[in-house]
file data.csv (CSV, C-alpha atoms)
chain,number,residue,atom,x,y,z
B,1,MET,CA,15.7,-3.6,-42.4
B,2,THR,CA,19.1,-5.2,-42.4
B,3,LEU,CA,20.0,-8.4,-40.7
B,4,PHE,CA,22.0,-6.4,-38.1
B,5,SER,CA,19.2,-4.0,-37.3
B,6,ARG,CA,16.7,-6.9,-37.0
B,7,THR,CA,19.0,-8.7,-34.6
B,8,LEU,CA,19.4,-5.5,-32.5
B,9,ALA,CA,15.6,-5.0,-32.5
B,10,VAL,CA,15.1,-8.6,-31.3
B,11,ILE,CA,17.7,-8.2,-28.5
B,12,PHE,CA,16.4,-4.8,-27.5
B,13,PHE,CA,12.8,-5.7,-27.3
B,14,THR,CA,13.2,-9.2,-25.7
B,15,PHE,CA,15.8,-8.1,-23.1
B,16,PRO,CA,13.2,-7.1,-20.5
B,17,LEU,CA,11.6,-10.5,-20.8
B,18,THR,CA,14.9,-12.1,-20.1
B,19,ILE,CA,15.4,-10.0,-17.0
B,20,LEU,CA,12.0,-11.0,-15.6
B,21,ALA,CA,12.6,-14.7,-16.5
B,22,GLU,CA,15.9,-14.5,-14.5
B,23,GLY,CA,14.1,-12.7,-11.7
B,24,LYS,CA,16.3,-9.6,-11.5
B,25,ALA,CA,17.4,-6.5,-13.3
B,26,PRO,CA,21.0,-6.2,-14.4
B,27,ASP,CA,23.5,-4.5,-12.2
B,28,SER,CA,24.0,-1.7,-14.6
B,29,ILE,CA,22.7,-0.4,-17.9
B,30,PRO,CA,25.4,1.0,-20.3
B,31,GLY,CA,24.9,4.6,-20.9
B,32,THR,CA,23.0,5.3,-17.7
B,33,THR,CA,24.2,6.4,-14.2
B,34,LYS,CA,22.9,4.0,-11.5
B,35,ILE,CA,21.7,5.7,-8.4
B,36,THR,CA,20.3,4.8,-5.0
B,37,ALA,CA,17.3,6.3,-3.2
B,38,GLU,CA,19.7,8.8,-1.5
B,39,GLY,CA,21.2,9.6,-4.9
B,40,LEU,CA,17.8,10.4,-6.3
B,41,ILE,CA,17.0,12.7,-3.3
B,42,ASP,CA,20.4,14.4,-3.9
B,43,LEU,CA,19.5,14.9,-7.6
B,44,VAL,CA,16.1,16.4,-6.6
B,45,ASP,CA,17.8,18.8,-4.2
B,46,GLU,CA,20.5,19.8,-6.7
B,47,MET,CA,18.7,19.8,-10.1
B,48,ASP,CA,15.5,21.9,-10.6
B,49,ASP,CA,14.9,20.4,-14.1
B,50,LEU,CA,15.2,16.8,-13.1
B,51,VAL,CA,12.4,14.6,-14.5
B,52,ILE,CA,11.5,11.4,-12.6
B,53,ILE,CA,9.8,8.7,-14.6
B,54,ASP,CA,7.8,6.0,-12.9
B,55,SER,CA,7.9,3.1,-15.4
B,56,ARG,CA,5.5,1.0,-13.5
B,57,ILE,CA,2.0,0.1,-14.7
B,58,GLU,CA,-1.0,1.8,-13.1
B,59,LYS,CA,-1.9,-1.0,-10.7
B,60,ASP,CA,1.6,-0.9,-9.3
B,61,ARG,CA,1.2,2.7,-8.4
B,62,THR,CA,-1.9,2.1,-6.1
B,63,ASP,CA,0.3,1.8,-3.0
B,64,GLY,CA,2.1,5.1,-3.8
B,65,PHE,CA,4.8,6.7,-5.9
B,66,ILE,CA,7.7,9.1,-5.5
B,67,GLU,CA,6.4,12.6,-5.3
B,68,GLY,CA,6.7,14.5,-8.5
B,69,ALA,CA,7.2,11.4,-10.6
B,70,VAL,CA,5.6,11.2,-14.0
B,71,ALA,CA,3.6,8.1,-14.6
B,72,LEU,CA,4.9,6.7,-17.9
B,73,PRO,CA,4.7,2.9,-17.9
B,74,ASP,CA,7.3,1.1,-20.0
B,75,VAL,CA,4.6,-0.3,-22.3
B,76,ASP,CA,3.8,3.3,-23.2
B,77,THR,CA,7.4,4.6,-23.4
B,78,ALA,CA,8.5,5.7,-26.8
B,79,PRO,CA,10.3,8.7,-28.3
B,80,ALA,CA,7.0,10.4,-28.9
B,81,THR,CA,5.8,10.0,-25.2
B,82,LEU,CA,9.2,10.8,-23.8
B,83,VAL,CA,9.3,14.2,-25.6
B,84,GLN,CA,5.9,15.1,-24.0
B,85,HIS,CA,7.5,14.9,-20.5
B,86,ILE,CA,11.2,15.7,-21.0
B,87,PRO,CA,12.0,19.2,-22.2
B,88,SER,CA,15.2,18.4,-24.1
B,89,LYS,CA,17.5,15.4,-24.8
B,90,ALA,CA,20.0,16.9,-22.3
B,91,THR,CA,17.5,17.2,-19.4
B,92,LEU,CA,18.4,14.9,-16.5
B,93,VAL,CA,15.9,12.1,-16.3
B,94,ALA,CA,15.7,9.3,-13.7
B,95,PHE,CA,13.8,6.1,-14.3
B,96,TYR,CA,12.5,3.7,-11.6
B,97,CYS,CA,10.1,0.8,-11.3
B,98,ASN,CA,9.3,-1.8,-8.6
B,99,GLY,CA,12.9,-2.7,-7.9
B,100,PRO,CA,15.7,-5.2,-8.7
B,101,LYS,CA,13.2,-7.9,-9.7
B,102,CYS,CA,11.5,-5.6,-12.2
B,103,GLY,CA,12.6,-4.9,-15.8
B,104,ARG,CA,10.3,-2.0,-16.6
B,105,SER,CA,12.7,0.9,-15.9
B,106,VAL,CA,15.5,-1.1,-17.7
B,107,LYS,CA,13.3,-1.1,-20.8
B,108,ALA,CA,12.3,2.5,-20.5
B,109,SER,CA,15.9,3.7,-19.9
B,110,LYS,CA,17.1,1.9,-23.0
B,111,ILE,CA,14.3,3.5,-25.1
B,112,ALA,CA,15.4,6.9,-23.8
B,113,LEU,CA,19.0,6.2,-24.7
B,114,GLU,CA,18.1,5.0,-28.1
B,115,ALA,CA,16.0,8.2,-28.6
B,116,GLY,CA,19.2,10.2,-27.9
B,117,TYR,CA,18.7,11.3,-24.3
B,118,THR,CA,22.1,11.9,-22.8
B,119,ASN,CA,21.6,12.4,-19.0
B,120,VAL,CA,19.8,9.1,-18.1
B,121,TYR,CA,19.8,8.0,-14.5
B,122,TRP,CA,18.6,4.6,-13.3
B,123,PHE,CA,17.3,4.0,-9.8
B,124,ARG,CA,17.7,0.2,-9.8
B,125,GLY,CA,16.3,-0.3,-6.2
B,126,GLY,CA,13.2,1.5,-7.3
B,127,TRP,CA,10.0,1.5,-5.3
B,128,GLU,CA,11.1,-1.5,-3.2
B,129,GLU,CA,14.2,0.4,-1.9
B,130,TRP,CA,12.3,3.7,-1.5
B,131,ARG,CA,9.7,2.0,0.8
B,132,GLN,CA,12.3,-0.1,2.7
B,133,LYS,CA,14.1,3.2,3.6
B,134,GLY,CA,10.9,4.8,4.8
B,135,PHE,CA,11.0,7.7,2.3
B,136,PRO,CA,7.7,9.5,1.8
B,137,ALA,CA,5.2,8.4,-0.8
B,138,SER,CA,2.5,10.2,-2.7
B,139,MET,CA,-0.8,8.6,-3.4
call {"tool": "encode", "arguments": {"input": "data.csv", "output": "structure tokens"}}
result
Amino acid sequence: MTLFSRTLAVIFFTFPLTILAEGKAPDSIPGTTKITAEGLIDLVDEMDDLVIIDSRIEKDRTDGFIEGAVALPDVDTAPATLVQHIPSKATLVAFYCNGPKCGRSVKASKIALEAGYTNVYWFRGGWEEWRQKGFPASM
């Protein structure tokens, strides 16, 4: 492993810890399209092949989740697990987690981008925004 690739690996894998330490997710993730709750609903209505990934850990899902979302916590997200849920690298995939104070969907989105997925959407407001707006939850 070269010095450059080691440096990238350190930055890539410690980035979510930095986010949590600062108390908020970034405003954007290069390579993704940031969406709101309404934007996610529009994607669901328009795209039959959309895959929604809930990047939260199991205990965070006990109060509900977005209907149809695949439970794939960030700690289990890897190229091998993504391919089990996303049919192709061109499939639209949207990641979410607890909200702006959570880095799980940031980490998962970056892993998807690194694995070559090209239509990555990021729902930054996540579960917090979804519930604040009163949208339905599955249990």
call {"tool": "closest_residue", "arguments": {"input": "data.csv", "among": "B:Tyr121, B:Lys101, B:Ala115, B:Pro73", "to": "Glu58 in chain B", "atoms": "all atoms listed in the file"}}
result
B:Pro73
call {"tool": "closest_residue", "arguments": {"input": "data.csv", "among": "B:His85, B:Arg124, B:Lys110, B:Lys133", "to": "Val70 in chain B", "atoms": "only C-alpha atoms"}}
result
B:His85
call {"tool": "closest_residue", "arguments": {"input": "data.csv", "among": "B:Ala108, B:Met139, B:Val120, B:Ile86", "to": "Leu43 in chain B", "atoms": "all atoms listed in the file"}}
result
B:Val120
call {"tool": "closest_residue", "arguments": {"input": "data.csv", "among": "B:Ser138, B:Thr91, B:Gln132, B:Ser55", "to": "Lys107 in chain B", "atoms": "only C-alpha atoms"}}
result
B:Ser55
call {"tool": "residues_around", "arguments": {"input": "data.csv", "residues": "range 81-84 of chain B", "least_positions_apart": "4", "cutoff": "10 Å", "atoms": "only C-alpha atoms", "output": "ChimeraX atom specification"}}
result
/B:53,72,76-77,88-89,108,111-112,115,117
call {"tool": "closest_residue", "arguments": {"input": "data.csv", "among": "B:Leu113, B:Leu40, B:Val75, B:Ile52", "to": "Phe95 in chain B", "atoms": "only C-alpha atoms"}}
result
B:Ile52
call {"tool": "closest_residue", "arguments": {"input": "data.csv", "among": "B:Asp60, B:Asp48, B:Asp27, B:Glu38", "to": "Gly134 in chain B", "atoms": "all atoms listed in the file"}}
result
B:Glu38
call {"tool": "atom_distance", "arguments": {"input": "data.csv", "atom1": "CA of Arg61 in chain B", "atom2": "CA of Asp42 in chain B"}}
result
22.9 Å
call {"tool": "residues_around", "arguments": {"input": "data.csv", "residues": "Ile41 in chain B", "least_positions_apart": "4", "cutoff": "12 Å", "atoms": "only C-alpha atoms", "output": "list in words"}}
result
Ile35, Thr36, Ala37, Asp45, Glu46, Met47, Asp48, Leu50, Ile52, Ile66, Glu67, Gly68, Ala94, Phe123, Trp130, Phe135 and Pro136 of chain B
call {"tool": "atom_distance", "arguments": {"input": "data.csv", "atom1": "CA of Trp127 in chain B", "atom2": "CA of Tyr96 in chain B"}}
result
7.1 Å
